[in-house]
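Enquirer: Structure incoming, see below.
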Amino acid sequence: MRHNIHAGSTDATALRAASQSMACSVMSRRHRATLIVIDDHAILRDGLRALLDLERDFQVIAEASTIAEGVVLSKRLQPDTVIIDISFPEGDAFAAIGTLRRECAGTRIVVLTVHNTQECLTAAMTAGAHGFVAKGAAFAVLLHTMRSAPSGSEQTAQSLPSAELRGALMVRRQASPALKLTWRERQILVAVAQGYTSKEIAAKLNRSVKTIVKHRANMMKKLSLHDASAVTRFAIANGMLSP
């Protein structure tokens with residue numbers, strides 16, 4: 001399996017030129033690639049559709065504002081690419097990525113998120129995403145990622161150090177037990193590993209202490225961890241926290 005890793009600052013003009021060259025190659029082989037955009041912000045969906053409709057090799061065929069709707073549409077339409085955010089009021093985007101990998105075998109999955117962190121990258125790649133792009137990146141970066149990440153390979157394009165990108169891909173290849181966790185449980189795992197108390201985590205996530213304690217207990221039970229030290233060791237071993 002080939003891994004194409006882009007780290008550090010990227011020249012958007014150079015990427016656009018490279019992407020346009022790829023687009024011409026794609027167009028010579030097939031019709032416009034079909035896309036579904038899954039994001040709970042209508043203005044972002046509208047903006048992406050407007051920009052992608054200007055490209056000769058992409059066609060947005062559906063949009064979804066919820067994870068559940070996006071999964072149903074993707075299973076029915078089997079698009080070439082799904083662009084998905086990871087932050088939704090309801091549902092687990094990482095579980096959805098796993099479902100899409102199983103149910104839409106020929107579909108590329110590109111995560112487009114504001115959460116440009118090692119934790120989110122690791123979780124996305126572990127879940128099965130082919131690409132990871134920060135929302136702060138240039139549109140050319142998203143195009144390049146979609147065009148250069150064929151099914152079965154990974155393309156990451158954001159500002160994390162290359163060592164962290166390689167770590168995230170390694171965690172995915174090893175099928176980390178973190179796959180058992182929900183997005184909220186992953187957040188709490190990392191916070192516990194960083195030394196935060198349940199009360200501090202509750203304040204940080206704007207949730208009740210009772211809710212955090214429940215998620216924390218579920219997380220530790222799923223991973224067979226018995227104390228905060230074990231949580232920290234797990235997080236480091238699985239690339240979710242730097243030692």
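Going through the structure tokens in order, the chains are called A, B, and so on, while each chain numbers its residues from 1 and the ligands are numbered from 1 in the order shown.
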Do you know which residues are at most 10 Å from Ser198 of chain A counting only C-alpha atoms, after dropping those on the same chain fewer than 6 positions away, and could you put them as a PDB file with C-alpha atoms, in the first residue's frame?
Expert:
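Contents of the output file around.pdb:
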```pdb
ATOM      1  CA  ILE A 188     -12.061  11.984  27.143  1.00  0.00           C
ATOM      2  CA  ALA A 191      -7.934  14.539  28.183  1.00  0.00           C
ATOM      3  CA  VAL A 192      -7.406  11.955  30.935  1.00  0.00           C
ATOM      4  CA  LYS A 204     -13.765  21.946  28.892  1.00  0.00           C
ATOM      5  CA  SER A 208     -22.006  17.600  33.250  1.00  0.00           C
ATOM      6  CA  VAL A 209     -19.502  15.828  35.485  1.00  0.00           C
ATOM      7  CA  LYS A 210     -21.912  12.872  35.669  1.00  0.00           C
ATOM      8  CA  THR A 211     -21.879  12.538  31.865  1.00  0.00           C
ATOM      9  CA  ILE A 212     -18.087  12.695  31.724  1.00  0.00           C
ATOM     10  CA  VAL A 213     -17.723  10.111  34.495  1.00  0.00           C
ATOM     11  CA  LYS A 214     -20.060   7.773  32.576  1.00  0.00           C
ATOM     12  CA  HIS A 215     -18.135   8.179  29.283  1.00  0.00           C
ATOM     13  CA  ARG A 216     -14.836   7.766  31.145  1.00  0.00           C
TER      14      ARG A 216
END
```
Enquirer: Leaving out segment 100-111 of chain A and any residue of its chain fewer than 5 positions from it, which residues lie within 7 Å of it when counting only C-alpha atoms, given as a VMD selection string?
Expert: chain A and resid 71 75 78 to 85 128 to 133 150 to 151
Enquirer: Quick one: DSSP alpha helix (DSSP H) residues in segment 26-218 of chain A, as a PyMOL selection string?
Expert: chain A and resi 26-29+42-52+67-77+93-103+118-127+139-147+162-173+183-193+198-205+209-218
Enquirer: Hey, can you spit out that residue selection with C-alpha atoms as a short mmCIF file (atom, residue, chain, number, x, y, z; two decimals), in the first residue's frame?
Expert:
```cif
data_model
loop_
_atom_site.label_atom_id
_atom_site.label_comp_id
_atom_site.auth_asym_id
_atom_site.auth_seq_id
_atom_site.Cartn_x
_atom_site.Cartn_y
_atom_site.Cartn_z
CA VAL A 26 -8.74 11.59 -15.05
CA MET A 27 -10.97 13.17 -17.70
CA SER A 28 -9.19 11.25 -20.43
CA ARG A 29 -10.15 7.99 -18.70
CA ALA A 42 -25.29 24.62 4.92
CA ILE A 43 -23.02 27.51 3.96
CA LEU A 44 -20.03 25.17 3.70
CA ARG A 45 -21.97 22.63 1.63
CA ASP A 46 -23.19 25.36 -0.72
CA GLY A 47 -19.69 26.79 -1.04
CA LEU A 48 -18.11 23.43 -1.79
CA ARG A 49 -20.76 22.61 -4.38
CA ALA A 50 -20.23 25.97 -6.11
CA LEU A 51 -16.45 25.51 -6.21
CA LEU A 52 -16.49 21.84 -7.21
CA ILE A 67 -24.30 11.50 9.56
CA ALA A 68 -27.28 9.15 9.26
CA GLU A 69 -28.53 10.85 6.10
CA GLY A 70 -25.06 10.88 4.61
CA VAL A 71 -24.54 7.16 5.17
CA VAL A 72 -27.93 6.32 3.62
CA LEU A 73 -27.24 8.47 0.55
CA SER A 74 -23.74 7.06 0.13
CA LYS A 75 -24.91 3.45 0.34
CA ARG A 76 -27.63 4.14 -2.22
CA LEU A 77 -25.65 6.28 -4.69
CA ALA A 93 -18.46 10.29 12.26
CA PHE A 94 -15.65 7.79 12.79
CA ALA A 95 -18.10 4.90 13.06
CA ALA A 96 -19.74 6.23 9.89
CA ILE A 97 -16.38 6.18 8.09
CA GLY A 98 -16.02 2.52 9.03
CA THR A 99 -19.51 1.80 7.72
CA LEU A 100 -18.74 3.57 4.43
CA ARG A 101 -15.55 1.55 4.00
CA ARG A 102 -17.56 -1.66 4.37
CA GLU A 103 -20.65 -0.66 2.39
CA GLN A 118 -2.85 14.59 15.78
CA GLU A 119 -5.70 13.04 17.77
CA CYS A 120 -8.25 13.69 15.01
CA LEU A 121 -5.89 12.60 12.25
CA THR A 122 -5.15 9.34 14.06
CA ALA A 123 -8.84 8.68 14.70
CA ALA A 124 -9.79 9.44 11.08
CA MET A 125 -7.10 7.24 9.56
CA THR A 126 -7.77 4.46 12.08
CA ALA A 127 -11.45 4.57 11.14
CA PHE A 139 -9.26 24.78 -1.84
CA ALA A 140 -6.41 23.60 -4.08
CA VAL A 141 -5.21 21.35 -1.24
CA LEU A 142 -8.60 19.64 -1.05
CA LEU A 143 -8.63 19.15 -4.83
CA HIS A 144 -5.12 17.71 -4.80
CA THR A 145 -6.02 15.34 -1.97
CA MET A 146 -9.12 14.04 -3.76
CA ARG A 147 -7.32 13.60 -7.05
CA SER A 162 5.37 14.12 9.08
CA ALA A 163 6.39 11.94 12.05
CA GLU A 164 2.89 12.35 13.48
CA LEU A 165 1.33 11.50 10.11
CA ARG A 166 3.38 8.33 9.88
CA GLY A 167 2.35 7.50 13.45
CA ALA A 168 -1.31 7.89 12.55
CA LEU A 169 -0.96 5.58 9.56
CA MET A 170 0.91 3.04 11.69
CA VAL A 171 -1.91 3.05 14.25
CA ARG A 172 -4.39 2.39 11.43
CA ARG A 173 -2.38 -0.52 10.06
CA TRP A 183 -15.71 10.21 19.33
CA ARG A 184 -16.61 11.52 22.81
CA GLU A 185 -14.80 8.64 24.49
CA ARG A 186 -11.70 9.40 22.41
CA GLN A 187 -11.84 13.03 23.51
CA ILE A 188 -12.06 11.98 27.14
CA LEU A 189 -9.29 9.41 26.77
CA VAL A 190 -6.89 12.06 25.50
CA ALA A 191 -7.93 14.54 28.18
CA VAL A 192 -7.41 11.95 30.93
CA ALA A 193 -4.03 11.06 29.44
CA SER A 198 -13.37 14.60 35.25
CA LYS A 199 -14.50 17.98 36.58
CA GLU A 200 -12.00 19.81 34.37
CA ILE A 201 -13.00 17.74 31.34
CA ALA A 202 -16.68 18.53 32.00
CA ALA A 203 -15.91 22.25 32.02
CA LYS A 204 -13.77 21.95 28.89
CA LEU A 205 -16.44 20.05 26.92
CA VAL A 209 -19.50 15.83 35.48
CA LYS A 210 -21.91 12.87 35.67
CA THR A 211 -21.88 12.54 31.86
CA ILE A 212 -18.09 12.69 31.72
CA VAL A 213 -17.72 10.11 34.50
CA LYS A 214 -20.06 7.77 32.58
CA HIS A 215 -18.13 8.18 29.28
CA ARG A 216 -14.84 7.77 31.14
CA ALA A 217 -16.01 4.53 32.76
CA ASN A 218 -17.24 3.16 29.41
#
```
Enquirer: Measuring between only C-alpha atoms, which one of A:Thr34, A:Lys135, A:Ser229, A:Met220 shows the shortest distance to Leu181 of chain A?
Expert: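 The closest residue to Leu181 of chain A is A:Met220.
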Enquirer: Can you work out the spacing between atom CA of Ala134 of chain A and atom CA of His31 of chain A in Å, to one decimal?
Expert: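 These atoms are spaced 27.6 Å apart.
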Enquirer: Grab the atom CA of Leu225 of chain A to atom CA of Pro89 of chain A distance for me, in Å with one decimal place.
Expert: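 Separation of atom CA of Leu225 of chain A and atom CA of Pro89 of chain A: 28.0 Å.
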